[in-house]
Protein chains: 2
Amino acid sequence: MPLLVVGSVALDSIETPTETRENVLGGSAVYFSYAASYFTSVRLVGVVGDDWPEAHTELLRSRDIDTAGLKALPGTKTFRWRGKYFDDMNTRETLDVQLNAMGRFDPVLPDEFRRSKFLFLANGSTDLQLKVLDQCPGASLRVADTMDLWIRSQPEQLSELLRRIDGLVLNDSEARLLTGDDNLVRAGHKVRERGPKFVVIKKGEHGAMFFSRHETYVLPAYPTARVVDPTGAGDSFAGGMMGYLAEQDNFDPRTLKEAMAYGILVASFTVEDFSLDRLRKIERADLEHRMEEYRRMLSF
Amino acid sequence: MPLLVVGSVALDSIETPTETRENVLGGSAVYFSYAASYFTSVRLVGVVGDDWPEAHTELLRSRDIDTAGLKALPGTKTFRWRGKYFDDMNTRETLDVQLNAMGRFDPVLPDEFRRSKFLFLANGSTDLQLKVLDQCPGASLRVADTMDLWIRSQPEQLSELLRRIDGLVLNDSEARLLTGDDNLVRAGHKVRERGPKFVVIKKGEHGAMFFSRHETYVLPAYPTARVVDPTGAGDSFAGGMMGYLAEQDNFDPRTLKEAMAYGILVASFTVEDFSLDRLRKIERADLEHRMEEYRRMLSF
């Protein structure tokens with residue numbers, strides 16, 4: 001099944017303890033789309049500026065990602081993010097954000113996109129996420145990400161969003177912020193009780209937790225000795241997870257757990273180089289190989 | 001097989017965000033022994049002062065823990081530790097340490113104890129750990145814990161220790177400190193390359209990682225909504241792990257992974273109340289029940 005994603009498309013500048021890269025391809029919808037493209041066709045909705053290199057669009061198209069919803073706004077620049085990672089590579093600081101075109105993003109979905117059954121609302125304001133939901137009344141699986149910024153600034157819209165989606169993906173610090181509870185098991189269920197059928201808490205290098213009415217579980221990250229740039233790990237995780245669900249056209253508990261594992265594995269490749277550089281070198285078979293190792297790791 | 005442990009025996013005062021307890025039973029060798037007692041008989045070596053409540057010794061004896069090596073030093077008090085946990089319950093601050101009897105601890109093992117095949121060197125100075133090793137030349141599995149204090153203050157002794165033990169257990173920040181490497185996968189193997197056949201890195205609420213020449217894996221913590229007091233979680237983990245190995249009288253890779261899982265599960269009970277209060281209420285069957293859930297959690 002085709003998978004719709006709406007989110008940011010960016011040019012990122014990344015500083016790690018050992019290396020810096022300027023204006024590389026990034027953004028939540030980009031990482032998500034590329035990660036999902038191992039499993040299913042993707043429909044991307046986003047906005048860029050005049051400075052957007054056409055080669056980036058071609059790269060996405062080469063992966064069966066439909067870019068009909070990727071609009072260039074004349075007279076604007078593409079969204080820019082600059083971040084710096086600390087030595088542990090699990091914490092970072094945002095040095096600069098230039099919203100540019102993203103500040104004027106008002107997603108109007110192509111008709112065909114509105115009929116998507118699988119929908120992911122990646123990083124973007126909650127207002128904007130609600131506007132997308134309005135345009136996709138027939139979606140069978142609606143999952144959203146959120147961020148500290150929106151938890152603080154749009155609490156009422158977020159409450160509405162939680163009532164209207166099937167799943168929420170957020171990171172550990174955001175789950176604590178949203179619920180005021182430092183225990184992640186309790187926090188996960190507290191978020192779930194506000195609406196979504198399931199909640200996923202991303203823990204970076206420590207893996208991800210899943211919460212539904214009848215299930216609570218945690219899957220560890222795949223241990224990699226080569227963490228070059230963690231940017232996009234969370235979006236890659238979501239892309240792998242949603243991509244697998246769309247491929248299976250199913251989201252029963254068993255498929256959801258497999259999807260979590262695929263998300264974790266795609267993310268484990270993403271962090272092994274800057275931008276999409278590592279993902280560009282792998283194929284589905286590499287994911288399956290790592291999945292075999294991962295299953296073996298968790299068997300005893 | 002009987003399992004020998006040498007380490008601290010303490011009276012702890014614990015401050016959590018919601019509750020405080022004064023002078024409760026604690027210490028690395030105590031948590032370790034009690035956790036191991038679900039699996040095997042234990043031989044405890046430690047030191048206490050005049051203020052040691054005899055009831056604590058009786059409690060340990062009731063669990064088939066041989067306290068012939070627990071010496072009371074007249075004119076001293078028992079080792080005291082006071083710590084405070086922050087809201088996330090995963091970080092803590094030591095408020096006060098009174099070494100007392102522990103400062104004069106010079107372990108001389110009973111003859112029978114010296115013939116133990118399974119040996120764990122819990123928290124204590126590296127000098128002291130080496131003295132114990134000298135007394136147990138015939139041990140078939142020698143595993144040690146270490147701490148930031150000894151990594152900083154006894155680096156040469158620690159190098160010798162690493163060459164003489166089969167396994168080292170330490171937490172994530174200590175592994176980073178010992179190797180200067182923030183990536184835990186690399187850090188684990190760097191420690192292993194200094195001597196031990198295997199290394200275990202404890203990650204608190206995020207589980208534990210295992211490193212041998214041919215294996216690298218991570219097992220998540222069992223997710224519990226009820227974290228009352230994390231004190232002793234790491235020692236309980238080691239006790240569950242070593243206890244299971246001693247019970248099986250085996251430490252092949254498969255048994256080691258099962259042992260890691262048992263360690264994680266004993267620790268998941270320990271944190272659910274202060275001191276040994278939660279462990280005192282559970283039996284082996286409760287561990288097996290949680291093990292079934294844990295295996296199911298990691299299967300997909």
# chains A, B, ... in the order shown; residues from 1 in each chain; ligands from 1

$ interface_residues --of "chain A" --to "chain B" --cutoff "7 Å" --atoms "only C-alpha atoms" --output "PDB file with C-alpha atoms, in the first residue's frame"
ATOM      1  CA  ASP A  87      30.651  13.442  22.738  1.00  0.00           C
ATOM      2  CA  ASP A  88      28.109  10.777  23.663  1.00  0.00           C
ATOM      3  CA  ASP A 182       9.613  10.510  34.552  1.00  0.00           C
ATOM      4  CA  ASN A 183       8.868   6.779  34.468  1.00  0.00           C
ATOM      5  CA  VAL A 185       6.332   2.926  31.287  1.00  0.00           C
ATOM      6  CA  ARG A 186       3.784   5.081  33.048  1.00  0.00           C
ATOM      7  CA  HIS A 206      18.666   2.581  23.879  1.00  0.00           C
ATOM      8  CA  TYR A 217       7.436  -3.865  25.519  1.00  0.00           C
ATOM      9  CA  VAL A 218      10.864  -2.522  24.758  1.00  0.00           C
ATOM     10  CA  LEU A 219      13.218  -3.475  21.958  1.00  0.00           C
ATOM     11  CA  PRO A 220      16.878  -2.468  22.200  1.00  0.00           C
ATOM     12  CA  PRO A 223      24.455  -2.150  18.751  1.00  0.00           C
ATOM     13  CA  THR A 224      26.690  -0.386  16.269  1.00  0.00           C
ATOM     14  CA  ALA A 225      30.271   0.673  16.881  1.00  0.00           C
ATOM     15  CA  ARG A 254       2.520  -9.184  15.695  1.00  0.00           C
ATOM     16  CA  LYS A 257       6.325  -5.603  16.678  1.00  0.00           C
ATOM     17  CA  GLU A 258       8.074  -6.711  13.496  1.00  0.00           C
ATOM     18  CA  MET A 297      20.701 -11.405  19.517  1.00  0.00           C
ATOM     19  CA  LEU A 298      17.317 -11.445  21.262  1.00  0.00           C
ATOM     20  CA  PHE A 300      18.108 -17.298  24.293  1.00  0.00           C
TER      21      PHE A 300
END

$ select_by_dssp --residues "stretch 27-218 of chain A" --states "strand (DSSP E or B)" --output "MDAnalysis selection string"
chainID A and resid 42:48 65:72 79:85 92:98 118:121 141:145 167:171 198:202 208:211 216:218

$ atom_distance --atom1 "atom CA of A:Ala101" --atom2 "atom CA of A:Val24"
16.7 Å

$ select_by_dssp --residues "stretch 48-279 of chain B" --states "alpha helix (DSSP H)" --output "ChimeraX atom specification"
/B:54-61,111-114,126-135,148-153,155-164,172-179,184-192,233-248,253-270

$ closest_residue --among "A:Val132, A:Ala238, A:Ile14, A:Ala144" --to "A:Phe113" --atoms "only C-alpha atoms"
A:Val132

$ atom_distance --atom1 "atom CA of B:Glu174" --atom2 "atom CA of B:Glu93"
15.3 Å

$ atom_distance --atom1 "atom CA of B:Val9" --atom2 "atom CA of B:Ser140"
25.1 Å

$ residues_around --residues "A:His56" --least-positions-apart "6" --cutoff "10 Å" --atoms "only C-alpha atoms" --output "PyMOL selection string"
chain A and resi 24-26+30+62

$ write_last_selection --atoms "C-alpha atoms" --output "compact mmCIF listing (two decimals), in the first residue's frame"
# COMPACT_ATOMS: atom_id res chain seq x y z
CA VAL A 24 23.31 18.19 3.41
CA LEU A 25 19.99 16.63 2.48
CA GLY A 26 17.78 16.19 5.56
CA VAL A 30 13.08 12.94 3.68
CA SER A 62 14.72 6.90 -7.89

$ closest_residue --among "A:Ala55, A:Leu177, A:His289, A:Pro17" --to "A:Pro155" --atoms "only C-alpha atoms"
A:Leu177

$ residues_around --residues "A:Leu11" --least-positions-apart "3" --cutoff "9 Å" --atoms "only C-alpha atoms" --output "number ranges by chain"
A: 22-27, 52, 78-82

$ write_last_selection --atoms "N, CA and C atoms" --output "mmCIF file, in the first residue's frame"
data_model
loop_
_atom_site.group_PDB
_atom_site.id
_atom_site.type_symbol
_atom_site.label_atom_id
_atom_site.label_comp_id
_atom_site.auth_asym_id
_atom_site.auth_seq_id
_atom_site.Cartn_x
_atom_site.Cartn_y
_atom_site.Cartn_z
ATOM 1 N N GLU A 22 28.063 20.680 5.756
ATOM 2 C CA GLU A 22 27.211 21.850 5.519
ATOM 3 C C GLU A 22 26.136 21.531 4.490
ATOM 4 N N ASN A 23 24.910 21.940 4.804
ATOM 5 C CA ASN A 23 23.804 21.899 3.830
ATOM 6 C C ASN A 23 23.615 20.553 3.165
ATOM 7 N N VAL A 24 23.567 19.515 3.979
ATOM 8 C CA VAL A 24 23.309 18.192 3.415
ATOM 9 C C VAL A 24 21.806 17.893 3.443
ATOM 10 N N LEU A 25 21.399 16.996 2.592
ATOM 11 C CA LEU A 25 19.987 16.626 2.484
ATOM 12 C C LEU A 25 19.480 16.087 3.821
ATOM 13 N N GLY A 26 18.354 16.635 4.288
ATOM 14 C CA GLY A 26 17.781 16.195 5.556
ATOM 15 C C GLY A 26 16.305 16.521 5.645
ATOM 16 N N GLY A 27 15.781 16.521 6.850
ATOM 17 C CA GLY A 27 14.368 16.796 7.072
ATOM 18 C C GLY A 27 13.615 15.517 7.412
ATOM 19 N N TRP A 52 16.768 24.708 -3.630
ATOM 20 C CA TRP A 52 16.694 23.245 -3.512
ATOM 21 C C TRP A 52 17.347 22.573 -4.719
ATOM 22 N N THR A 78 15.030 26.960 1.250
ATOM 23 C CA THR A 78 14.659 25.716 1.926
ATOM 24 C C THR A 78 14.937 25.827 3.429
ATOM 25 N N PHE A 79 14.116 25.173 4.213
ATOM 26 C CA PHE A 79 14.295 25.078 5.669
ATOM 27 C C PHE A 79 15.725 24.634 6.005
ATOM 28 N N ARG A 80 16.347 25.366 6.941
ATOM 29 C CA ARG A 80 17.726 25.024 7.338
ATOM 30 C C ARG A 80 17.780 24.716 8.830
ATOM 31 N N TRP A 81 18.503 23.695 9.147
ATOM 32 C CA TRP A 81 18.739 23.357 10.554
ATOM 33 C C TRP A 81 20.227 23.114 10.763
ATOM 34 N N ARG A 82 20.759 23.700 11.832
ATOM 35 C CA ARG A 82 22.152 23.457 12.188
ATOM 36 C C ARG A 82 22.210 22.910 13.602
#

$ residues_around --residues "A:Glu193" --least-positions-apart "6" --cutoff "10 Å" --atoms "only C-alpha atoms" --output "PyMOL selection string"
chain A and resi 162-163+187+199+212-213

$ closest_residue --among "B:Thr20, B:Gln154, B:Gln248, B:Thr67" --to "B:Phe274" --atoms "only C-alpha atoms"
B:Thr20

$ closest_residue --among "B:Phe251, B:Phe237, B:Trp150, B:Phe32" --to "B:Lys197" --atoms "only C-alpha atoms"
B:Phe251
